[in-house]
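Next up, query.pdb (PDB, C-alpha atoms):
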ATOM      1  CA  MET X  82     108.282  23.592 126.778  1.00  0.00           C
ATOM      2  CA  LYS X  83     107.284  21.036 129.392  1.00  0.00           C
ATOM      3  CA  ARG X  84     110.720  19.383 129.180  1.00  0.00           C
ATOM      4  CA  LEU X  85     112.455  22.726 129.646  1.00  0.00           C
ATOM      5  CA  PHE X  86     110.310  23.441 132.678  1.00  0.00           C
ATOM      6  CA  LEU X  87     111.108  20.023 134.158  1.00  0.00           C
ATOM      7  CA  LEU X  88     114.824  20.648 133.622  1.00  0.00           C
ATOM      8  CA  ILE X  89     114.833  24.107 135.144  1.00  0.00           C
ATOM      9  CA  LEU X  90     112.631  23.254 138.133  1.00  0.00           C
ATOM     10  CA  PRO X  91     115.276  21.149 139.959  1.00  0.00           C
ATOM     11  CA  ILE X  92     117.874  23.821 139.268  1.00  0.00           C
ATOM     12  CA  LEU X  93     115.699  26.517 140.807  1.00  0.00           C
ATOM     13  CA  ALA X  94     114.946  24.275 143.780  1.00  0.00           C
ATOM     14  CA  CYS X  95     118.660  23.760 144.354  1.00  0.00           C
ATOM     15  CA  LEU X  96     119.293  27.494 144.050  1.00  0.00           C
ATOM     16  CA  SER X  97     116.604  28.324 146.585  1.00  0.00           C
ATOM     17  CA  LEU X  98     118.103  25.832 149.012  1.00  0.00           C
ATOM     18  CA  ARG X  99     121.517  27.305 148.359  1.00  0.00           C
ATOM     19  CA  ALA X 100     120.250  30.843 148.942  1.00  0.00           C
ATOM     20  CA  GLN X 101     119.127  29.845 152.432  1.00  0.00           C
ATOM     21  CA  GLU X 102     122.577  28.645 153.387  1.00  0.00           C
ATOM     22  CA  VAL X 103     125.149  30.939 154.892  1.00  0.00           C
ATOM     23  CA  GLN X 104     128.435  30.463 153.130  1.00  0.00           C
ATOM     24  CA  ASP X 105     131.641  32.245 152.322  1.00  0.00           C
ATOM     25  CA  THR X 106     131.254  34.189 149.066  1.00  0.00           C
ATOM     26  CA  THR X 107     134.788  33.295 148.016  1.00  0.00           C
ATOM     27  CA  SER X 108     133.926  29.593 147.703  1.00  0.00           C
ATOM     28  CA  VAL X 109     130.902  29.563 145.401  1.00  0.00           C
ATOM     29  CA  GLN X 110     129.990  26.033 144.341  1.00  0.00           C
ATOM     30  CA  ASP X 111     128.303  24.895 141.187  1.00  0.00           C
ATOM     31  CA  VAL X 112     124.695  23.760 141.648  1.00  0.00           C
ATOM     32  CA  PHE X 113     125.441  20.539 139.813  1.00  0.00           C
ATOM     33  CA  ASP X 114     128.121  19.602 142.339  1.00  0.00           C
ATOM     34  CA  ARG X 115     125.358  19.244 144.920  1.00  0.00           C
ATOM     35  CA  LEU X 116     123.297  16.765 142.913  1.00  0.00           C
ATOM     36  CA  SER X 117     123.414  13.072 143.609  1.00  0.00           C
ATOM     37  CA  GLU X 118     125.685  10.921 141.450  1.00  0.00           C
ATOM     38  CA  ASN X 119     122.601   9.102 140.141  1.00  0.00           C
ATOM     39  CA  VAL X 120     121.109  12.256 138.657  1.00  0.00           C
ATOM     40  CA  VAL X 121     121.865  13.035 135.027  1.00  0.00           C
ATOM     41  CA  VAL X 122     121.152  16.541 133.770  1.00  0.00           C
ATOM     42  CA  ASN X 123     120.966  17.114 130.031  1.00  0.00           C
ATOM     43  CA  GLN X 124     121.116  20.789 129.211  1.00  0.00           C
ATOM     44  CA  SER X 125     122.845  23.136 126.849  1.00  0.00           C
ATOM     45  CA  GLU X 126     126.146  24.718 127.787  1.00  0.00           C
ATOM     46  CA  ALA X 127     124.568  28.145 127.139  1.00  0.00           C
ATOM     47  CA  LEU X 128     122.107  27.604 129.978  1.00  0.00           C
ATOM     48  CA  ARG X 129     124.867  26.527 132.352  1.00  0.00           C
ATOM     49  CA  THR X 130     126.943  29.578 131.399  1.00  0.00           C
ATOM     50  CA  ALA X 131     123.993  31.941 131.801  1.00  0.00           C
ATOM     51  CA  MET X 132     123.192  30.520 135.239  1.00  0.00           C
ATOM     52  CA  ALA X 133     126.819  30.809 136.350  1.00  0.00           C
ATOM     53  CA  ALA X 134     126.915  34.436 135.169  1.00  0.00           C
ATOM     54  CA  HIS X 135     123.693  35.188 137.048  1.00  0.00           C
ATOM     55  CA  VAL X 136     125.031  33.662 140.266  1.00  0.00           C
ATOM     56  CA  GLU X 137     128.285  35.584 139.919  1.00  0.00           C
ATOM     57  CA  ARG X 138     126.501  38.923 139.345  1.00  0.00           C
ATOM     58  CA  ASN X 139     124.290  38.403 142.387  1.00  0.00           C
ATOM     59  CA  ALA X 140     126.834  36.829 144.745  1.00  0.00           C
ATOM     60  CA  LYS X 141     126.930  39.840 147.047  1.00  0.00           C
ATOM     61  CA  ARG X 142     123.165  40.231 147.306  1.00  0.00           C
ATOM     62  CA  ALA X 143     121.374  39.119 150.463  1.00  0.00           C
ATOM     63  CA  ALA X 144     119.645  35.756 150.421  1.00  0.00           C
ATOM     64  CA  SER X 145     116.521  36.838 152.253  1.00  0.00           C
ATOM     65  CA  GLY X 146     113.919  39.053 150.645  1.00  0.00           C
ATOM     66  CA  LEU X 147     113.708  41.159 153.795  1.00  0.00           C
ATOM     67  CA  ALA X 148     117.413  41.441 154.368  1.00  0.00           C
ATOM     68  CA  ASP X 149     117.669  44.679 152.450  1.00  0.00           C
ATOM     69  CA  GLN X 150     114.835  46.239 154.423  1.00  0.00           C
ATOM     70  CA  THR X 151     115.268  48.134 157.635  1.00  0.00           C
ATOM     71  CA  PHE X 152     112.780  49.450 160.116  1.00  0.00           C
ATOM     72  CA  ARG X 153     112.566  52.948 161.550  1.00  0.00           C
ATOM     73  CA  ILE X 154     110.334  54.776 163.957  1.00  0.00           C
ATOM     74  CA  ARG X 155     108.260  57.740 162.839  1.00  0.00           C
ATOM     75  CA  ILE X 156     107.933  60.176 165.733  1.00  0.00           C
ATOM     76  CA  PHE X 157     106.244  63.008 163.846  1.00  0.00           C
ATOM     77  CA  PHE X 158     103.765  63.100 160.965  1.00  0.00           C
ATOM     78  CA  ASP X 159     101.688  66.229 160.308  1.00  0.00           C
ATOM     79  CA  SER X 160     100.443  68.530 157.559  1.00  0.00           C
ATOM     80  CA  GLY X 161      99.209  71.559 159.506  1.00  0.00           C
ATOM     81  CA  GLN X 162     100.321  75.142 159.010  1.00  0.00           C
ATOM     82  CA  SER X 163     102.928  74.876 161.747  1.00  0.00           C
ATOM     83  CA  ALA X 164     104.056  71.360 160.753  1.00  0.00           C
ATOM     84  CA  ARG X 165     107.477  72.489 159.501  1.00  0.00           C
ATOM     85  CA  ALA X 166     108.380  74.200 162.767  1.00  0.00           C
ATOM     86  CA  ALA X 167     106.888  71.349 164.793  1.00  0.00           C
ATOM     87  CA  SER X 168     108.932  68.779 162.845  1.00  0.00           C
ATOM     88  CA  GLU X 169     112.112  70.768 163.505  1.00  0.00           C
ATOM     89  CA  ALA X 170     111.232  70.939 167.214  1.00  0.00           C
ATOM     90  CA  ALA X 171     110.496  67.196 167.354  1.00  0.00           C
ATOM     91  CA  ALA X 172     113.791  66.337 165.645  1.00  0.00           C
ATOM     92  CA  SER X 173     115.738  68.671 167.950  1.00  0.00           C
ATOM     93  CA  ARG X 174     114.025  67.279 171.057  1.00  0.00           C
ATOM     94  CA  PHE X 175     114.731  63.713 169.993  1.00  0.00           C
ATOM     95  CA  LYS X 176     118.409  64.475 169.307  1.00  0.00           C
ATOM     96  CA  THR X 177     118.681  65.910 172.822  1.00  0.00           C
ATOM     97  CA  LEU X 178     116.967  62.903 174.440  1.00  0.00           C
ATOM     98  CA  HIS X 179     118.682  60.217 172.327  1.00  0.00           C
ATOM     99  CA  PRO X 180     122.107  61.368 171.136  1.00  0.00           C
ATOM    100  CA  GLY X 181     123.711  59.037 168.638  1.00  0.00           C
ATOM    101  CA  VAL X 182     120.426  57.766 167.151  1.00  0.00           C
ATOM    102  CA  PRO X 183     120.025  58.882 163.510  1.00  0.00           C
ATOM    103  CA  VAL X 184     117.221  61.381 162.858  1.00  0.00           C
ATOM    104  CA  SER X 185     115.865  62.341 159.448  1.00  0.00           C
ATOM    105  CA  ARG X 186     113.270  64.910 158.461  1.00  0.00           C
ATOM    106  CA  SER X 187     111.408  64.634 155.193  1.00  0.00           C
ATOM    107  CA  PHE X 188     108.574  66.288 153.329  1.00  0.00           C
ATOM    108  CA  THR X 189     106.155  64.363 151.151  1.00  0.00           C
ATOM    109  CA  ASP X 190     103.477  66.783 150.041  1.00  0.00           C
ATOM    110  CA  PRO X 191     101.598  67.710 152.242  1.00  0.00           C
ATOM    111  CA  PHE X 192     103.211  65.906 155.195  1.00  0.00           C
ATOM    112  CA  PHE X 193     106.290  66.739 157.238  1.00  0.00           C
ATOM    113  CA  LYS X 194     107.808  63.599 158.769  1.00  0.00           C
ATOM    114  CA  VAL X 195     110.485  62.889 161.340  1.00  0.00           C
ATOM    115  CA  THR X 196     111.865  59.360 161.333  1.00  0.00           C
ATOM    116  CA  VAL X 197     114.465  58.002 163.754  1.00  0.00           C
ATOM    117  CA  GLY X 198     116.706  54.966 164.122  1.00  0.00           C
ATOM    118  CA  ASN X 199     117.735  52.276 161.723  1.00  0.00           C
ATOM    119  CA  TYR X 200     116.813  48.791 162.959  1.00  0.00           C
ATOM    120  CA  ALA X 201     117.599  45.536 161.183  1.00  0.00           C
ATOM    121  CA  THR X 202     114.560  43.684 162.536  1.00  0.00           C
ATOM    122  CA  LYS X 203     111.063  44.664 163.486  1.00  0.00           C
ATOM    123  CA  ALA X 204     111.678  43.216 166.951  1.00  0.00           C
ATOM    124  CA  ASP X 205     114.579  45.640 167.495  1.00  0.00           C
ATOM    125  CA  ALA X 206     112.379  48.519 166.368  1.00  0.00           C
ATOM    126  CA  ALA X 207     109.564  47.393 168.679  1.00  0.00           C
ATOM    127  CA  ASN X 208     111.920  47.367 171.671  1.00  0.00           C
ATOM    128  CA  ALA X 209     113.100  50.897 170.864  1.00  0.00           C
ATOM    129  CA  LEU X 210     109.509  52.002 170.249  1.00  0.00           C
ATOM    130  CA  LYS X 211     108.578  51.222 173.861  1.00  0.00           C
ATOM    131  CA  THR X 212     111.147  53.740 175.091  1.00  0.00           C
ATOM    132  CA  ILE X 213     110.433  56.337 172.425  1.00  0.00           C
ATOM    133  CA  GLN X 214     106.676  56.274 172.998  1.00  0.00           C
ATOM    134  CA  GLN X 215     107.232  57.587 176.510  1.00  0.00           C
ATOM    135  CA  GLU X 216     108.366  60.914 175.002  1.00  0.00           C
ATOM    136  CA  PHE X 217     106.510  60.676 171.669  1.00  0.00           C
ATOM    137  CA  PRO X 218     103.215  58.816 172.309  1.00  0.00           C
ATOM    138  CA  THR X 219     102.108  58.816 168.648  1.00  0.00           C
ATOM    139  CA  ALA X 220     105.316  57.149 167.394  1.00  0.00           C
ATOM    140  CA  PHE X 221     104.992  54.071 165.175  1.00  0.00           C
ATOM    141  CA  ILE X 222     107.206  51.674 163.207  1.00  0.00           C
ATOM    142  CA  VAL X 223     107.726  52.134 159.468  1.00  0.00           C
ATOM    143  CA  ARG X 224     109.486  49.898 156.975  1.00  0.00           C
ATOM    144  CA  ASN X 225     112.259  51.615 155.085  1.00  0.00           C
TER
END
Let me see whether you can do it: turn the structure in this file into structure tokens.
Amino acid sequence: MKRLFLLILPILACLSLRAQEVQDTTSVQDVFDRLSENVVVNQSEALRTAMAAHVERNAKRAASGLADQTFRIRIFFDSGQSARAASEAAASRFKTLHPGVPVSRSFTDPFFKVTVGNYATKADAANALKTIQQEFPTAFIVRN
């Protein structure tokens, strides 16, 4: 078991380094091509095949763990008796003030929510939040 762990550890280290690189997905290289000529790896062909299949299946996935996350701004969040009408009014008002910015209304029992925008980074959302808070002072950033 210890030998298997010692064999897989360098492979995973190479994969994590590779995941941080930006490269063309059409030219995927084998991990073993990146190793020094002085390194000898003894492993079964089944492991090499399984790793190649895994890399191929996940080639289009983002390298960063946060890459698939976006940030939005919640401008309304309430559960009162008039929350439905108030959420509709908030969404309509926002659409008038900021045409072209996506607006979504949702209901998660017992809260009505209005969320706007779709920002790739938290910094982008924070910049937009400064402007939005002038009209909606209780607005805050949420992770999608």
Return the single residue from X:Ser168, X:Asn199, X:Ala220, X:Ile92 that is closest to Arg129 (chain X), with distances computed using only C-alpha atoms. X:Ile92
What is the distance, in Å and to one decimal place, between CA of Lys194 (chain X) and CA of Asp159 (chain X)?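 So the two atoms, CA of Lys194 (chain X) and CA of Asp159 (chain X), lie 6.8 Å apart.
Among the candidates X:Ala131, X:Ala172, X:Leu178, X:Ala204, the residue lying nearest to Arg155 (chain X) is X:Ala172 (atoms considered: all atoms listed in the file).
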As a check of understanding, name the residues that the PyMOL selection byres ((chain X and resi 222) around 6) selects in the supplied structure, as number ranges by chain. X: 153-154, 221, 223
Env of Arg165 (chain X): 12 Å cut, atoms = only C-alpha atoms, seq-sep filter 5 positions within chain, self excluded. Answer as a list in words.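 These residues fall inside the cut-off: Phe157, Phe158, Asp159, Ser160, Ala170, Ala171, Ala172, Arg186, Ser187, Phe188, Thr189, Asp190, Pro191, Phe192, Phe193, Lys194 and Val195 of chain X.
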For the file shown, what are the residues hit by the PyMOL selection byres ((chain X and resi 210) around 12), laid out as JSON, numbers by chain? {"X": [152, 153, 154, 155, 156, 196, 197, 198, 199, 200, 203, 204, 205, 206, 207, 208, 209, 211, 212, 213, 214, 215, 216, 217, 218, 219, 220, 221, 222, 223]}
Report, in Å with one decimal, the straight-line distance from CA of Gln162 (chain X) to CA of Lys176 (chain X).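 The value is 23.4 Å.
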